[in-house]
Structures are given as structure tokens and as C-alpha cells.
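*Asks:* If you scroll down you'll find the structure; I have some questions about it.
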Amino acid sequence: MIHPFTFRVSVAPDVLFQVMGEEAVMLNLKTELYLGLDAMGTRMWLLLTESPSIQLAYDSLLEEYDVEPARLERELNEFIDKLLEQSLIELGPGELSTSGMPR
Amino acid sequence: MSGARRTRLMENFPHTYYVYGITLHSGIPLSLPVRGYGGLAEIDLRMAPASFFSDAIAGVSLEQASGSWYQIGRLADGSSYMRWEHVGEFLISGDGRRMSCRQFDRATCESFEVYMLGQALSYALVGQAFEPIHATVVVVNGEAVVFLGDSGFGKSTLAASFISAGYQLLTDDLLILRETHGRLFAYPGPPRIKLFPRTARRFLGTAADGIPMNRDTQKLILPLDRRRSCSLPVSVKAIFALASPREVFRRQPVRLKPLSPREAFLELVKNTFNYRITDGARLQRQFTEASRLVRLMPIRKLSIPRNFSELPSAREAILAELKPQQLEALACAD
């Protein structure tokens, strides 16, 4: 699913998150589900949940990683899909992106 | 402890035992150490008649715990009831300070104690904010070497191979860990090990002293004397997570692999001893405890082929893995 990149991602209530080195673990207290994130997933999670919009997280990832923009966009959307499926995040209106090209 | 509480304890609970770092005030004699360390918490244990339990669980729906053969019920006041057919029934108060027990007629004392001091006690421990871990522990050069693993992963068999080589057992199946001044300590369990007869004969030389755990398994309860068991808390040297038998090929060599902190965290959570209690407070505590443990102690994955003849080389691999750290410690001491 394609999510509006003007939206921002926030951590769902009842979700615990802990960075461990470059990786991370989380627990959804509602679903009692534990989850581990590898280094890439952890970076995506941190940027998504700390940025004012998905677009800004996307821009940062594009700068940090040697990746095709279209592929990053697809993978970011898939990642957000998985997090939504597990009720780990919530989407809401965000702030305008720096690139001025909200999706 | 106040004078009034001491008097009440002496009258109702004439026996005092020490296990898992807990002081157990008991109304019945048990085969547990009467000396030791018990400063982590206190639990009162009493026998109760059948009517006490039938009254307590009147109107409570009991469920069969999946993957196990005991029934469990949660009472409105937060107490937990559990019952093993042909063994006994238990009621644990929500705060984990009181255990009421009844041994069924045909159960042996040994079998009853295994369930009482294992699964039933784990409800009391969780009630008192402990996080019991599914692990068997041996003592090597005065330090604890922990084997994490689910039932059937070979924890006790590996421990038996260490006992046969002259090392002591600290606990079999249930482990309490506590951090003190930045060091992790493991607390001693009951001085016994549970093994299948073939394993007992192979490593302990005899299965004659063993008592069947229950009538549906061949597994034996084997008491261990002071030479073969340790009754003091010891600091933890290393933690190994045993690979599932399904992950290990019969002909592969013994393998050791360091786990990333994320993998180590998930191993610890997988090996929580009591996963029936899943209220928010418990899950949050479990998350925090596992995160802290991973920061204190690395965990290695240990894959051992399911073959007795591989156990000496597994033991040697573990002992070799401990050596570099021992040398580092010696260098620091110099």
C-alpha cells in the first residue's frame, strides 16, 4: 500500500521499544507480540518515528544509503505496512517535507 | 521480622528452607536445604484439605494449559489455581507470598515436590516480581554456566555430563538471576536433576535412586548429594542457548555462535519459565529485565548433535569458551 508521505509515524500506545547496538527489539503489550529489528529496520524505525513526516525520513534514508529512490519508496511503504499490521505504529498528519514534494 | 510474625511462623510453619534465594516457611517437611541464602523473598507454604480447594475454585472455569497437562484457573482475587492429575493441586496468592498445596494419594513426595517447586512456585515468583528462566545451570570453577532451552532441548543431559566430569549442579529447569553491584548471580534450586533412565545410567552411574516424575513419563527424579550440587548463589560466567533438536543435524560437529543482542534478547524471552501470566505489568518487567540481562552478559548459541558420544566434546568446547575470559580476568587482577 502507498502511504501519503506527508503523514507522520508515531509509536502506538502500549508498544515498548529498545535499541540494542545497531538492532532493536519491541513488544506490543496489547497483542503480547515481541519483535526484533535488524540494523536497517532499526534505522528506518528511528527515522520514521522521530521525523515530522514520512517524507523527511525518506529523504534522510536516501542520503544515508546507496539505494534507488523508487526501491526505497517501495521498501519504506512495505515496512510501514508491516508495522501497521502488527499495530506497532499509527499514522497522522505530518509537517511538510523539506524537498517540497510530498507524495 | 517482627516478633509476632516470628511466633506465628513458628506455630504454623515449623520448617524453614532455602531455595532459589527464597526463604520458604513450610508447614510440611521437604527435601530442601535447611541452610543457605534466602534473602530475596519469603513464601509461606501450607498444606490444605480438598474442601479448601473446591471452595476456592467454585464457579471458576479451569482451562487445560496448551502444551502441558495441567489445569489452571485464575481467581477474582488474583490467585492462581493449578492441578496436575495424580500429583496434586495448588493455590498461589496474587502477591506470591502464600502457597497452599494438597498432595494426591497416589503421588510420591518427590513427584509432588517437583511440580510444587517448579511450575507452581513460578506463579509465586512472578507474583513477587521475579522473572524465572527456563534453564539448567552447572558450576565451573566457582562460577555459573547457564544452559537455556525448552523442554527436550537437552539442558539436563548436558548438565549430567558435567556432573559426571566432577562439576556441581546449581539448578535444573528453573533459574532465578539477580544483578548485584553490576554482577549477575544465579541462585541454587533443589538438589536434584530430572533425567531419562538411559541418561541417568550413562552419566550418574545409576538410575536405581530415581523416582518417576509422573506415571506418564519415564523421566526420573534423581537426588544429588552435596558433592554433586551447589547450594550457594554464584556469579554467572556464561550463558549458552541450546539449539532446538530440529535445528541440529546428527552428523554435524558441536557448534558455538555468538548471538547479537537482539537475538539474545529474544532467546531470553523465549525461555521465560512461566508464560501463562501475561498481564501488562509482567510483560513490561520481562521486557526491561531481558534488556538489562543482555547488556550484562553475552549469550552464545550452542548446537549439539543428539548423540551421547558428542557430549564430552560439547563439554570441552564450553570449557574452552570460558578460558579466554578467565585469562582476561587474571590479567586484570595482575
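In the C-alpha cells, each chain is lettered A, B, ... as it comes, each chain's residues begin at 1, and ligands are numbered from 1 in order of appearance.
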Show me, as an mmCIF file with N, CA and C atoms, in the first residue's frame, every residue of chain B with an atom at most 8 Å from chain A, counting only C-alpha atoms.
*Replies:*
```cif
data_model
loop_
_atom_site.group_PDB
_atom_site.id
_atom_site.type_symbol
_atom_site.label_atom_id
_atom_site.label_comp_id
_atom_site.auth_asym_id
_atom_site.auth_seq_id
_atom_site.Cartn_x
_atom_site.Cartn_y
_atom_site.Cartn_z
ATOM 1 N N PRO B 261 22.788 -8.889 20.301
ATOM 2 C CA PRO B 261 21.938 -8.534 21.455
ATOM 3 C C PRO B 261 20.449 -8.763 21.174
ATOM 4 N N ARG B 262 20.033 -8.489 19.937
ATOM 5 C CA ARG B 262 18.608 -8.703 19.583
ATOM 6 C C ARG B 262 18.264 -10.187 19.674
ATOM 7 N N GLU B 263 19.127 -11.037 19.108
ATOM 8 C CA GLU B 263 18.871 -12.484 19.152
ATOM 9 C C GLU B 263 18.908 -12.984 20.593
ATOM 10 N N PHE B 265 18.223 -11.296 23.304
ATOM 11 C CA PHE B 265 17.003 -10.829 23.968
ATOM 12 C C PHE B 265 15.848 -11.784 23.674
ATOM 13 N N LEU B 266 15.688 -12.127 22.399
ATOM 14 C CA LEU B 266 14.562 -12.990 22.028
ATOM 15 C C LEU B 266 14.729 -14.388 22.612
ATOM 16 N N THR B 278 0.463 -13.085 31.630
ATOM 17 C CA THR B 278 0.836 -12.139 30.577
ATOM 18 C C THR B 278 0.138 -10.791 30.771
ATOM 19 N N GLY B 280 -0.036 -6.782 31.641
ATOM 20 C CA GLY B 280 0.846 -5.721 31.160
ATOM 21 C C GLY B 280 2.049 -5.480 32.050
ATOM 22 N N LEU B 283 4.623 -8.217 31.515
ATOM 23 C CA LEU B 283 5.295 -8.129 30.213
ATOM 24 C C LEU B 283 6.290 -6.969 30.183
ATOM 25 N N GLN B 284 5.899 -5.854 30.787
ATOM 26 C CA GLN B 284 6.825 -4.707 30.843
ATOM 27 C C GLN B 284 8.070 -5.057 31.637
ATOM 28 N N PHE B 287 10.297 -7.377 29.647
ATOM 29 C CA PHE B 287 10.993 -6.618 28.603
ATOM 30 C C PHE B 287 12.211 -5.891 29.196
ATOM 31 N N SER B 291 16.212 -6.888 28.582
ATOM 32 C CA SER B 291 17.094 -5.855 28.017
ATOM 33 C C SER B 291 18.323 -5.673 28.905
#
```
*Asks:* Going by DSSP on the backbone, which residues of region 110-254 of chain B come out as helix (DSSP H, G or I)? List them as number ranges by chain.
*Replies:* B: 110-127, 155-164, 197-204, 245-247
*Asks:* Give me a file of those residues, with N, CA and C atoms, as a compact mmCIF listing (two decimals), in the first residue's frame.
*Replies:*
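Written file, selection.txt:
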```txt
# COMPACT_ATOMS: atom_id res chain seq x y z
N GLU B 110 8.36 -37.02 46.12
CA GLU B 110 9.35 -36.46 45.19
C GLU B 110 8.66 -35.83 43.99
N SER B 111 7.70 -36.57 43.43
CA SER B 111 6.98 -36.06 42.27
C SER B 111 6.20 -34.79 42.65
N PHE B 112 5.53 -34.83 43.79
CA PHE B 112 4.76 -33.68 44.26
C PHE B 112 5.67 -32.45 44.41
N GLU B 113 6.85 -32.68 44.99
CA GLU B 113 7.78 -31.55 45.21
C GLU B 113 8.28 -30.97 43.89
N VAL B 114 8.49 -31.82 42.89
CA VAL B 114 8.96 -31.31 41.59
C VAL B 114 7.96 -30.31 41.02
N TYR B 115 6.68 -30.64 41.06
CA TYR B 115 5.67 -29.74 40.50
C TYR B 115 5.46 -28.52 41.40
N MET B 116 5.55 -28.76 42.71
CA MET B 116 5.37 -27.65 43.65
C MET B 116 6.50 -26.64 43.52
N LEU B 117 7.73 -27.13 43.43
CA LEU B 117 8.89 -26.23 43.40
C LEU B 117 9.27 -25.81 41.98
N GLY B 118 8.48 -26.25 41.01
CA GLY B 118 8.73 -25.84 39.62
C GLY B 118 7.62 -24.91 39.16
N GLN B 119 6.71 -25.48 38.39
CA GLN B 119 5.65 -24.67 37.78
C GLN B 119 4.81 -23.92 38.83
N ALA B 120 4.42 -24.60 39.92
CA ALA B 120 3.56 -23.92 40.92
C ALA B 120 4.31 -22.77 41.58
N LEU B 121 5.54 -23.01 41.99
CA LEU B 121 6.32 -21.95 42.63
C LEU B 121 6.57 -20.79 41.68
N SER B 122 6.64 -21.07 40.39
CA SER B 122 6.91 -19.98 39.44
C SER B 122 5.81 -18.92 39.49
N TYR B 123 4.56 -19.33 39.80
CA TYR B 123 3.48 -18.34 39.93
C TYR B 123 3.75 -17.42 41.13
N ALA B 124 4.26 -18.02 42.22
CA ALA B 124 4.59 -17.20 43.39
C ALA B 124 5.75 -16.27 43.07
N LEU B 125 6.74 -16.78 42.34
CA LEU B 125 7.90 -15.95 41.99
C LEU B 125 7.49 -14.77 41.10
N VAL B 126 6.68 -15.05 40.09
CA VAL B 126 6.22 -13.96 39.20
C VAL B 126 5.37 -12.98 40.01
N GLY B 127 4.56 -13.52 40.93
CA GLY B 127 3.74 -12.66 41.80
C GLY B 127 4.59 -11.72 42.63
N LYS B 155 19.05 -29.75 28.09
CA LYS B 155 19.72 -28.99 29.17
C LYS B 155 20.20 -29.93 30.27
N SER B 156 19.30 -30.78 30.75
CA SER B 156 19.63 -31.65 31.88
C SER B 156 20.66 -32.71 31.46
N THR B 157 20.56 -33.20 30.24
CA THR B 157 21.52 -34.21 29.77
C THR B 157 22.92 -33.60 29.71
N LEU B 158 23.02 -32.38 29.21
CA LEU B 158 24.32 -31.71 29.16
C LEU B 158 24.84 -31.48 30.58
N ALA B 159 23.94 -31.06 31.47
CA ALA B 159 24.35 -30.85 32.86
C ALA B 159 24.83 -32.17 33.48
N ALA B 160 24.14 -33.27 33.15
CA ALA B 160 24.54 -34.58 33.69
C ALA B 160 25.95 -34.94 33.23
N SER B 161 26.28 -34.57 32.00
CA SER B 161 27.63 -34.87 31.52
C SER B 161 28.67 -34.05 32.29
N PHE B 162 28.31 -32.83 32.69
CA PHE B 162 29.21 -32.03 33.53
C PHE B 162 29.33 -32.66 34.93
N ILE B 163 28.21 -33.15 35.47
CA ILE B 163 28.25 -33.77 36.81
C ILE B 163 29.16 -35.00 36.76
N SER B 164 29.06 -35.76 35.67
CA SER B 164 29.88 -36.97 35.56
C SER B 164 31.36 -36.62 35.49
N PRO B 197 16.02 -42.64 32.25
CA PRO B 197 16.86 -43.70 32.86
C PRO B 197 18.17 -43.94 32.11
N ARG B 198 18.11 -43.93 30.77
CA ARG B 198 19.31 -44.21 29.98
C ARG B 198 20.38 -43.13 30.23
N THR B 199 19.94 -41.88 30.31
CA THR B 199 20.87 -40.78 30.57
C THR B 199 21.43 -40.88 31.99
N ALA B 200 20.56 -41.23 32.93
CA ALA B 200 20.99 -41.34 34.32
C ALA B 200 22.05 -42.44 34.46
N ARG B 201 21.78 -43.58 33.81
CA ARG B 201 22.75 -44.71 33.89
C ARG B 201 24.07 -44.31 33.26
N ARG B 202 23.99 -43.60 32.13
CA ARG B 202 25.19 -43.24 31.39
C ARG B 202 26.08 -42.27 32.17
N PHE B 203 25.46 -41.26 32.81
CA PHE B 203 26.26 -40.19 33.40
C PHE B 203 26.35 -40.23 34.92
N LEU B 204 25.33 -40.76 35.56
CA LEU B 204 25.38 -40.79 37.03
C LEU B 204 25.65 -42.19 37.55
N PRO B 245 16.44 -29.35 18.87
CA PRO B 245 16.88 -30.58 18.20
C PRO B 245 16.60 -30.55 16.69
N ARG B 246 15.55 -29.82 16.29
CA ARG B 246 15.21 -29.75 14.86
C ARG B 246 16.23 -28.95 14.06
N GLU B 247 16.99 -28.09 14.75
CA GLU B 247 17.97 -27.25 14.06
C GLU B 247 19.32 -27.94 13.93
```
*Asks:* Provide the CA of Arg43 (chain A) to CA of Leu56 (chain A) distance in Å, to one decimal place.
*Replies:*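 For CA of Arg43 (chain A) relative to CA of Leu56 (chain A), the distance reads 13.3 Å.
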*Asks:* Step one, run DSSP on the backbone; step two, keep only residues of chain A assigned to strand (DSSP E or B); then write them as a ChimeraX atom specification.
*Replies:* /A:7-11,15-20,23-28,33-37,89-93
*Asks:* Please measure the separation of CA of Thr171 (chain B) and CA of Glu63 (chain B), giving the value in Å to one decimal.
*Replies:*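 CA of Glu63 (chain B) lies at a distance of 29.4 Å from CA of Thr171 (chain B).
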*Asks:* Rounded to one decimal in Å, what is the spacing between CA of Gly205 (chain B) and CA of Arg106 (chain B)?
*Replies:*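 Rounded to one decimal, the two atoms are 28.4 Å apart.
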*Asks:* Considering only C-alpha atoms, can you say which of B:Val248, B:Met297, B:Ile277, B:Ile28 comes closest to Ser260 (chain B)?
*Replies:* B:Met297
*Asks:* Got a sec: who's within 8 Å of Glu90 (chain A), counting only C-alpha atoms, leaving out chain neighbours fewer than 5 positions off, as an MDAnalysis selection string?
*Replies:* chainID A and resid 9:12 84
*Asks:* Output the selection as a PDB file, in the first residue's frame - all heavy atoms for each residue.
*Replies:*
```pdb
ATOM      1  N   VAL A   9       4.669   9.285  11.393  1.00  0.00           N
ATOM      2  CA  VAL A   9       4.505   7.988  12.065  1.00  0.00           C
ATOM      3  C   VAL A   9       4.721   8.191  13.562  1.00  0.00           C
ATOM      4  O   VAL A   9       5.707   8.815  13.962  1.00  0.00           O
ATOM      5  CB  VAL A   9       5.549   6.985  11.525  1.00  0.00           C
ATOM      6  CG1 VAL A   9       5.546   5.694  12.351  1.00  0.00           C
ATOM      7  CG2 VAL A   9       5.290   6.670  10.064  1.00  0.00           C
ATOM      8  N   SER A  10       3.809   7.676  14.356  1.00  0.00           N
ATOM      9  CA  SER A  10       4.050   7.710  15.805  1.00  0.00           C
ATOM     10  C   SER A  10       3.928   6.295  16.361  1.00  0.00           C
ATOM     11  O   SER A  10       3.212   5.449  15.800  1.00  0.00           O
ATOM     12  CB  SER A  10       3.082   8.661  16.507  1.00  0.00           C
ATOM     13  OG  SER A  10       1.762   8.328  16.156  1.00  0.00           O
ATOM     14  N   VAL A  11       4.665   6.058  17.426  1.00  0.00           N
ATOM     15  CA  VAL A  11       4.648   4.731  18.063  1.00  0.00           C
ATOM     16  C   VAL A  11       3.288   4.532  18.719  1.00  0.00           C
ATOM     17  O   VAL A  11       2.800   5.430  19.422  1.00  0.00           O
ATOM     18  CB  VAL A  11       5.772   4.627  19.123  1.00  0.00           C
ATOM     19  CG1 VAL A  11       5.786   3.242  19.758  1.00  0.00           C
ATOM     20  CG2 VAL A  11       7.123   4.955  18.508  1.00  0.00           C
ATOM     21  N   ALA A  12       2.677   3.382  18.477  1.00  0.00           N
ATOM     22  CA  ALA A  12       1.357   3.110  19.064  1.00  0.00           C
ATOM     23  C   ALA A  12       1.467   3.025  20.585  1.00  0.00           C
ATOM     24  O   ALA A  12       2.511   2.648  21.113  1.00  0.00           O
ATOM     25  CB  ALA A  12       0.809   1.795  18.509  1.00  0.00           C
ATOM     26  N   LEU A  84       2.036  -1.430  10.606  1.00  0.00           N
ATOM     27  CA  LEU A  84       0.608  -1.180  10.827  1.00  0.00           C
ATOM     28  C   LEU A  84      -0.140  -2.486  11.082  1.00  0.00           C
ATOM     29  O   LEU A  84      -1.010  -2.562  11.949  1.00  0.00           O
ATOM     30  CB  LEU A  84      -0.001  -0.467   9.612  1.00  0.00           C
ATOM     31  CG  LEU A  84       0.346   1.027   9.468  1.00  0.00           C
ATOM     32  CD1 LEU A  84      -0.089   1.548   8.101  1.00  0.00           C
ATOM     33  CD2 LEU A  84      -0.316   1.854  10.572  1.00  0.00           C
TER      34      LEU A  84
END
```
*Asks:* Between B:Glu42, B:Tyr187, B:Phe90, B:Leu32, which is the closest to Ile57 (chain B) once you count only C-alpha atoms?
*Replies:* B:Phe90
*Asks:* What lies within 7 Å of Cys230 (chain B) using only C-alpha atoms, ignoring chain neighbours under 6 positions off, as a list in words?
*Replies:* Gln168, Leu169, Leu170 and Pro188 of chain B
*Asks:* May I have the selected residues written with N, CA and C atoms, as a compact mmCIF listing (two decimals), in the first residue's frame?
*Replies:*
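Written output follows (selection-v3.txt):
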```
# COMPACT_ATOMS: atom_id res chain seq x y z
N GLN B 168 29.51 -29.42 39.71
CA GLN B 168 28.28 -29.44 40.51
C GLN B 168 27.11 -28.83 39.72
N LEU B 169 25.91 -29.29 40.08
CA LEU B 169 24.69 -28.69 39.51
C LEU B 169 24.25 -27.56 40.43
N LEU B 170 23.80 -26.45 39.84
CA LEU B 170 23.25 -25.36 40.66
C LEU B 170 21.73 -25.42 40.65
N PRO B 188 20.64 -21.13 43.73
CA PRO B 188 20.52 -22.60 43.67
C PRO B 188 19.09 -23.10 43.77
```
*Asks:* Show me, as a list in words, the residues that have an atom within 8 Å of Tyr70 (chain B) when counting only C-alpha atoms, minus same-chain residues fewer than 2 positions from it.
*Replies:*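 With the cut-off at 8 Å, the set is Gln64, Ala65, Ser68, Ile72, Met82, Arg83, Trp84 and Glu85 of chain B.
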*Asks:* May I have the residues within 8 Å of Met44 (chain A) as a CSV table (one decimal) with C-alpha atoms, in the first residue's frame, using only C-alpha atoms and disregarding those fewer than 6 positions away in the same chain?
*Replies:*
```
chain,number,residue,atom,x,y,z
A,57,ALA,CA,12.5,10.1,7.0
A,61,LEU,CA,17.4,7.4,4.3
A,76,LEU,CA,9.5,2.1,3.1
```
